[in-house]
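Student: Sharing a structure with you now.
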Amino acid sequence: MPPATASPIQTRRMSFEASLQEVPRHFGPDGDLLSSHIAACLSAVFPDGEDFFVRSVRHFRGDITDPVLKQEVSGFIGQEAIHGREHRAFNRRLSQLGYPTRFLERFTERLLAAADRVLSPKARLAATAALEHYTATLAEQLLRDEDTRALFGHDKVRELFLWHALEESEHKTVAFDVYRAVGGTERMRRVVMDVITAGFIGGVALAVGLSLLGDRAARNPVRLVRSVKRLSKSPIVSRELWRELRSYNRAGFHPSDRDASELLATWREELFGAHGTLNDRLAGAA
């Protein structure tokens with residue numbers, strides 16, 4: 001297993017709630033339907049998903065002997081806690097706009113509470129590592145590709161997801177390294193990823209479908225078909241991205257196989273450097 005990086009994972013205490021109050025109903029590019037609903041549904045599952053990740057990793061905190069990994073776990077927990085808080089703020093705004101975020105949050109909470117009861121601690125950790133691969137892969141796609149960033153349309157929504165993407169990539173190895181450190185097997189890792197892949201894609205599709213059913217604008221066939229065509233050409237449904245996601249099941253895989261150090265350095269400077277675009281959202285750092 002590659003050694004854990006010595007770089008600390010910084011917990012940035014952000015506040016996006018005030019800026020998100022100006023977000024309109026259809027915030028995707030040119031008022032696009034699907035990109036708006038996909039972003040809203042992802043945000044709806046993030047808070048309780050992040051809580052699940054924290055519980056899964058924290059369970060094994062006392063079993064970790066590597067001091068660097070211990071430090072990274074603390075950073076991971078701090079970052080995920082702030083992600084959950086800020087997406088809850090966005091979800092409140094989305095609910096005001098008519099998205100079913102409250103329902104999706106409650107459903108996600110109950111589903112993950114059931115996972116806590118049914119799955120072993122190590123299986124929950126394997127699920128966290130698999131989902132962290134999904135979030136980090138999508139995050140780096142967002143950071144790398146201007147067309148992917150454009151899908152978020154409204155500047156304030158894009159800012160929220162860019163910050164989240166930066167930190168997902170910063171801590172992408174943590175859950176995986178904890179899983180390996182506590183004796184997680186390759187077989188469980190791959191089987192859980194296969195289940196996660198079906199559940200994640202199917203779950204997001206159902207959530208977006210439900211969200212669209214409550215949107216009168218989606219009953220306009222011309223607008224809906226235009227949005228579907230736009231999505232079909234989007235980088236988030238490309239074969240290249242799918243190959244990156246499925247690389248997790250490769251023998252000997254490690255999240256650090258995809259080196260994002262230069263990409264992260266660029267975006268840390270862009271967002272939080274001397275003239276960082278998100279410095280005014282920063283309430284402090286731990």
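In the structure tokens, chains take letters A, B, ... by order of appearance, with residues numbered from 1 within each chain and ligands from 1 in the order shown.
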Name the residues of stretch 119-228 of chain A that come out as alpha helix (DSSP H) in a backbone DSSP run; write them as a PyMOL selection string.
Tutor: chain A and resi 121-144+146-150+155-170+174-181+186-213+221-228
Student: With C-alpha atoms retained, write the just-selected residues as a PDB file, in the first residue's frame.
Tutor:
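Saved to result10.pdb:
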```
ATOM      1  CA  PRO A 121     -18.302  -2.197  10.565  1.00  0.00           C
ATOM      2  CA  LYS A 122     -15.808  -3.384   7.963  1.00  0.00           C
ATOM      3  CA  ALA A 123     -18.496  -3.616   5.256  1.00  0.00           C
ATOM      4  CA  ARG A 124     -19.613  -0.083   6.082  1.00  0.00           C
ATOM      5  CA  LEU A 125     -16.021   1.055   5.766  1.00  0.00           C
ATOM      6  CA  ALA A 126     -15.743  -0.739   2.402  1.00  0.00           C
ATOM      7  CA  ALA A 127     -18.896   1.074   1.249  1.00  0.00           C
ATOM      8  CA  THR A 128     -17.400   4.383   2.386  1.00  0.00           C
ATOM      9  CA  ALA A 129     -14.165   3.717   0.487  1.00  0.00           C
ATOM     10  CA  ALA A 130     -16.141   2.842  -2.656  1.00  0.00           C
ATOM     11  CA  LEU A 131     -18.337   5.938  -2.448  1.00  0.00           C
ATOM     12  CA  GLU A 132     -15.310   8.104  -1.740  1.00  0.00           C
ATOM     13  CA  HIS A 133     -13.850   6.830  -5.031  1.00  0.00           C
ATOM     14  CA  TYR A 134     -17.035   7.960  -6.794  1.00  0.00           C
ATOM     15  CA  THR A 135     -17.000  11.397  -5.193  1.00  0.00           C
ATOM     16  CA  ALA A 136     -13.262  11.919  -5.781  1.00  0.00           C
ATOM     17  CA  THR A 137     -13.471  10.823  -9.425  1.00  0.00           C
ATOM     18  CA  LEU A 138     -16.396  13.142 -10.097  1.00  0.00           C
ATOM     19  CA  ALA A 139     -14.667  15.896  -8.106  1.00  0.00           C
ATOM     20  CA  GLU A 140     -11.505  15.699 -10.196  1.00  0.00           C
ATOM     21  CA  GLN A 141     -13.577  15.666 -13.371  1.00  0.00           C
ATOM     22  CA  LEU A 142     -15.140  18.921 -12.178  1.00  0.00           C
ATOM     23  CA  LEU A 143     -11.764  20.460 -11.326  1.00  0.00           C
ATOM     24  CA  ARG A 144     -10.148  19.351 -14.597  1.00  0.00           C
ATOM     25  CA  GLU A 146     -14.465  23.498 -17.900  1.00  0.00           C
ATOM     26  CA  ASP A 147     -17.465  21.872 -19.605  1.00  0.00           C
ATOM     27  CA  THR A 148     -18.220  19.922 -16.422  1.00  0.00           C
ATOM     28  CA  ARG A 149     -18.003  23.092 -14.337  1.00  0.00           C
ATOM     29  CA  ALA A 150     -20.405  24.785 -16.740  1.00  0.00           C
ATOM     30  CA  ASP A 155     -21.914  30.945 -10.028  1.00  0.00           C
ATOM     31  CA  LYS A 156     -22.885  30.409  -6.376  1.00  0.00           C
ATOM     32  CA  VAL A 157     -23.808  26.756  -6.921  1.00  0.00           C
ATOM     33  CA  ARG A 158     -20.573  26.207  -8.836  1.00  0.00           C
ATOM     34  CA  GLU A 159     -18.572  27.746  -5.972  1.00  0.00           C
ATOM     35  CA  LEU A 160     -20.134  25.341  -3.463  1.00  0.00           C
ATOM     36  CA  PHE A 161     -19.353  22.303  -5.588  1.00  0.00           C
ATOM     37  CA  LEU A 162     -15.821  23.475  -6.445  1.00  0.00           C
ATOM     38  CA  TRP A 163     -14.935  23.788  -2.749  1.00  0.00           C
ATOM     39  CA  HIS A 164     -16.490  20.384  -2.079  1.00  0.00           C
ATOM     40  CA  ALA A 165     -14.630  18.873  -5.042  1.00  0.00           C
ATOM     41  CA  LEU A 166     -11.273  20.237  -3.890  1.00  0.00           C
ATOM     42  CA  GLU A 167     -11.649  18.684  -0.449  1.00  0.00           C
ATOM     43  CA  GLU A 168     -12.991  15.363  -1.746  1.00  0.00           C
ATOM     44  CA  SER A 169      -9.826  15.002  -3.787  1.00  0.00           C
ATOM     45  CA  GLU A 170      -7.641  16.120  -0.877  1.00  0.00           C
ATOM     46  CA  VAL A 174      -8.219   8.230   3.741  1.00  0.00           C
ATOM     47  CA  ALA A 175     -11.135   5.778   3.924  1.00  0.00           C
ATOM     48  CA  PHE A 176      -9.309   3.399   1.564  1.00  0.00           C
ATOM     49  CA  ASP A 177      -6.122   3.493   3.667  1.00  0.00           C
ATOM     50  CA  VAL A 178      -8.088   2.909   6.880  1.00  0.00           C
ATOM     51  CA  TYR A 179      -9.829  -0.063   5.221  1.00  0.00           C
ATOM     52  CA  ARG A 180      -6.478  -1.579   4.273  1.00  0.00           C
ATOM     53  CA  ALA A 181      -4.961  -0.783   7.680  1.00  0.00           C
ATOM     54  CA  GLU A 186      -9.776  -7.323  -1.772  1.00  0.00           C
ATOM     55  CA  ARG A 187     -12.812  -9.545  -2.289  1.00  0.00           C
ATOM     56  CA  MET A 188     -15.030  -7.463  -0.017  1.00  0.00           C
ATOM     57  CA  ARG A 189     -13.709  -4.256  -1.553  1.00  0.00           C
ATOM     58  CA  ARG A 190     -14.675  -5.331  -5.083  1.00  0.00           C
ATOM     59  CA  VAL A 191     -18.019  -6.925  -4.199  1.00  0.00           C
ATOM     60  CA  VAL A 192     -19.090  -3.851  -2.245  1.00  0.00           C
ATOM     61  CA  MET A 193     -18.098  -1.583  -5.137  1.00  0.00           C
ATOM     62  CA  ASP A 194     -20.255  -3.616  -7.546  1.00  0.00           C
ATOM     63  CA  VAL A 195     -23.232  -3.249  -5.220  1.00  0.00           C
ATOM     64  CA  ILE A 196     -22.509   0.462  -4.724  1.00  0.00           C
ATOM     65  CA  THR A 197     -22.298   1.042  -8.484  1.00  0.00           C
ATOM     66  CA  ALA A 198     -25.753  -0.408  -9.100  1.00  0.00           C
ATOM     67  CA  GLY A 199     -27.235   1.312  -6.063  1.00  0.00           C
ATOM     68  CA  PHE A 200     -25.649   4.703  -6.670  1.00  0.00           C
ATOM     69  CA  ILE A 201     -26.571   4.994 -10.347  1.00  0.00           C
ATOM     70  CA  GLY A 202     -30.045   3.533  -9.827  1.00  0.00           C
ATOM     71  CA  GLY A 203     -30.665   5.664  -6.753  1.00  0.00           C
ATOM     72  CA  VAL A 204     -29.644   8.914  -8.420  1.00  0.00           C
ATOM     73  CA  ALA A 205     -31.762   8.102 -11.478  1.00  0.00           C
ATOM     74  CA  LEU A 206     -34.842   7.439  -9.296  1.00  0.00           C
ATOM     75  CA  ALA A 207     -34.261  10.602  -7.256  1.00  0.00           C
ATOM     76  CA  VAL A 208     -33.926  12.747 -10.382  1.00  0.00           C
ATOM     77  CA  GLY A 209     -37.045  11.163 -11.856  1.00  0.00           C
ATOM     78  CA  LEU A 210     -39.001  11.932  -8.674  1.00  0.00           C
ATOM     79  CA  SER A 211     -37.684  15.482  -8.644  1.00  0.00           C
ATOM     80  CA  LEU A 212     -38.685  16.046 -12.272  1.00  0.00           C
ATOM     81  CA  LEU A 213     -42.220  14.754 -11.604  1.00  0.00           C
ATOM     82  CA  PRO A 221     -41.536  18.099 -24.043  1.00  0.00           C
ATOM     83  CA  VAL A 222     -39.369  20.422 -26.107  1.00  0.00           C
ATOM     84  CA  ARG A 223     -37.512  21.686 -23.062  1.00  0.00           C
ATOM     85  CA  LEU A 224     -37.127  18.190 -21.591  1.00  0.00           C
ATOM     86  CA  VAL A 225     -35.845  16.633 -24.826  1.00  0.00           C
ATOM     87  CA  ARG A 226     -33.382  19.491 -25.251  1.00  0.00           C
ATOM     88  CA  SER A 227     -32.099  18.847 -21.746  1.00  0.00           C
ATOM     89  CA  VAL A 228     -31.756  15.094 -22.338  1.00  0.00           C
TER      90      VAL A 228
END
```
Student: Identify, on the basis of only C-alpha atoms, every residue whose closest approach to A:Ser74 does not exceed 12 Å; exclude the query and any residue fewer than 4 positions from it along the same chain; express the result as a list in words.
Tutor: Pro8, Ile9, Gln10, Thr11, Val54, Val57, Arg58, Arg61, Gly62, Ile64, Pro67, Val68, Leu69, Lys70, Gly78, Gln79, Glu80, Ala81, His171, Val174, Ala175 and Ala286 of chain A
Student: Go ahead and save the picked residues with C-alpha atoms, as a PDB file, in the first residue's frame.
Tutor:
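Final file, again-v5.pdb:
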```pdb
ATOM      1  CA  PRO A   8      -2.307  17.709   6.562  1.00  0.00           C
ATOM      2  CA  ILE A   9      -5.909  17.734   5.383  1.00  0.00           C
ATOM      3  CA  GLN A  10      -7.196  21.162   6.309  1.00  0.00           C
ATOM      4  CA  THR A  11     -10.676  21.728   7.695  1.00  0.00           C
ATOM      5  CA  VAL A  54     -17.610   9.842   9.306  1.00  0.00           C
ATOM      6  CA  VAL A  57     -14.136   5.762   9.544  1.00  0.00           C
ATOM      7  CA  ARG A  58     -14.377   6.933  13.168  1.00  0.00           C
ATOM      8  CA  ARG A  61      -9.953   5.341  14.698  1.00  0.00           C
ATOM      9  CA  GLY A  62      -8.586   3.546  17.766  1.00  0.00           C
ATOM     10  CA  ILE A  64      -4.919   2.997  13.551  1.00  0.00           C
ATOM     11  CA  PRO A  67       0.432   8.732  13.166  1.00  0.00           C
ATOM     12  CA  VAL A  68       0.159  10.286   9.702  1.00  0.00           C
ATOM     13  CA  LEU A  69      -2.993   8.323   8.909  1.00  0.00           C
ATOM     14  CA  LYS A  70      -4.395   9.263  12.321  1.00  0.00           C
ATOM     15  CA  GLY A  78     -13.489  17.733   9.896  1.00  0.00           C
ATOM     16  CA  GLN A  79     -13.913  18.253   6.163  1.00  0.00           C
ATOM     17  CA  GLU A  80     -16.862  15.875   5.858  1.00  0.00           C
ATOM     18  CA  ALA A  81     -18.660  17.511   8.797  1.00  0.00           C
ATOM     19  CA  HIS A 171      -8.901  13.299   1.351  1.00  0.00           C
ATOM     20  CA  VAL A 174      -8.219   8.230   3.741  1.00  0.00           C
ATOM     21  CA  ALA A 175     -11.135   5.778   3.924  1.00  0.00           C
ATOM     22  CA  ALA A 286      -8.597  24.338  11.801  1.00  0.00           C
TER      23      ALA A 286
END
```
Student: In terms of the shortest atom-to-atom distance over only C-alpha atoms, which of A:Glu269, A:Asp257, A:Asp280, A:Glu22 is closest to A:Leu94?
Tutor: A:Glu22
Student: Which residues come within 10 Å of A:Leu278, counting only C-alpha atoms, excluding same-chain residues fewer than 3 positions away, as a JSON list (two decimals) with N, CA and C atoms, in the first residue's frame?
Tutor:
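Generated file (around.json):
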```json
[["chain", "number", "residue", "atom", "x", "y", "z"],
["A", 14, "MET", "N", -16.42, 26.98, 6.22],
["A", 14, "MET", "CA", -17.02, 27.79, 5.17],
["A", 14, "MET", "C", -18.43, 28.22, 5.55],
["A", 15, "SER", "N", -18.92, 29.22, 4.84],
["A", 15, "SER", "CA", -20.31, 29.64, 5.00],
["A", 15, "SER", "C", -20.84, 30.12, 3.65],
["A", 16, "PHE", "N", -21.67, 29.27, 3.02],
["A", 16, "PHE", "CA", -22.24, 29.57, 1.71],
["A", 16, "PHE", "C", -23.71, 30.00, 1.79],
["A", 159, "GLU", "N", -19.54, 27.51, -7.05],
["A", 159, "GLU", "CA", -18.57, 27.75, -5.97],
["A", 159, "GLU", "C", -18.68, 26.69, -4.88],
["A", 160, "LEU", "N", -19.91, 26.36, -4.49],
["A", 160, "LEU", "CA", -20.13, 25.34, -3.46],
["A", 160, "LEU", "C", -19.54, 24.01, -3.89],
["A", 162, "LEU", "N", -17.27, 23.43, -6.25],
["A", 162, "LEU", "CA", -15.82, 23.47, -6.45],
["A", 162, "LEU", "C", -15.08, 23.28, -5.12],
["A", 163, "TRP", "N", -15.54, 23.98, -4.08],
["A", 163, "TRP", "CA", -14.94, 23.79, -2.75],
["A", 163, "TRP", "C", -15.07, 22.34, -2.32],
["A", 268, "ARG", "N", -6.26, 25.15, -5.04],
["A", 268, "ARG", "CA", -6.07, 25.76, -3.72],
["A", 268, "ARG", "C", -5.72, 27.24, -3.88],
["A", 270, "GLU", "N", -6.38, 29.10, -6.57],
["A", 270, "GLU", "CA", -7.53, 29.78, -7.18],
["A", 270, "GLU", "C", -8.61, 30.11, -6.16],
["A", 271, "LEU", "N", -8.89, 29.17, -5.26],
["A", 271, "LEU", "CA", -9.99, 29.35, -4.32],
["A", 271, "LEU", "C", -9.58, 30.01, -3.01],
["A", 272, "PHE", "N", -8.34, 29.69, -2.54],
["A", 272, "PHE", "CA", -7.95, 30.12, -1.19],
["A", 272, "PHE", "C", -6.56, 30.77, -1.12],
["A", 273, "GLY", "N", -5.99, 31.13, -2.26],
["A", 273, "GLY", "CA", -4.71, 31.82, -2.27],
["A", 273, "GLY", "C", -4.86, 33.27, -1.83],
["A", 275, "HIS", "N", -5.44, 35.87, -3.41],
["A", 275, "HIS", "CA", -6.61, 36.51, -4.03],
["A", 275, "HIS", "C", -7.68, 35.47, -4.34],
["A", 281, "ARG", "N", -15.84, 33.45, 1.79],
["A", 281, "ARG", "CA", -16.74, 32.43, 2.36],
["A", 281, "ARG", "C", -16.07, 31.70, 3.54],
["A", 282, "LEU", "N", -14.81, 32.04, 3.77],
["A", 282, "LEU", "CA", -14.02, 31.33, 4.77],
["A", 282, "LEU", "C", -14.19, 31.99, 6.13]]
```
Student: Neighbours of A:Ala44 within 6 Å (only C-alpha atoms; same-chain residues fewer than 5 positions away dropped), as a list of chain:residue names?
Tutor: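 With the cut-off at 6 Å, the set is A:Thr101, A:Leu104, A:Glu105.
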Student: Next, write the just-selected residues to a file, as a PDB file, in the first residue's frame, keeping C-alpha atoms as the atom set.
Tutor:
```
ATOM      1  CA  THR A 101     -34.701  17.699  -0.795  1.00  0.00           C
ATOM      2  CA  LEU A 104     -34.625  12.746  -0.050  1.00  0.00           C
ATOM      3  CA  GLU A 105     -32.716  13.701   3.100  1.00  0.00           C
TER       4      GLU A 105
END
```
Student: Restricting the calculation to only C-alpha atoms, which member of A:Leu111, A:Arg219, A:Arg93, A:Thr173 is positioned closest to A:Ser256?
Tutor: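 Using only C-alpha atoms, A:Ser256 sits closest to A:Thr173.
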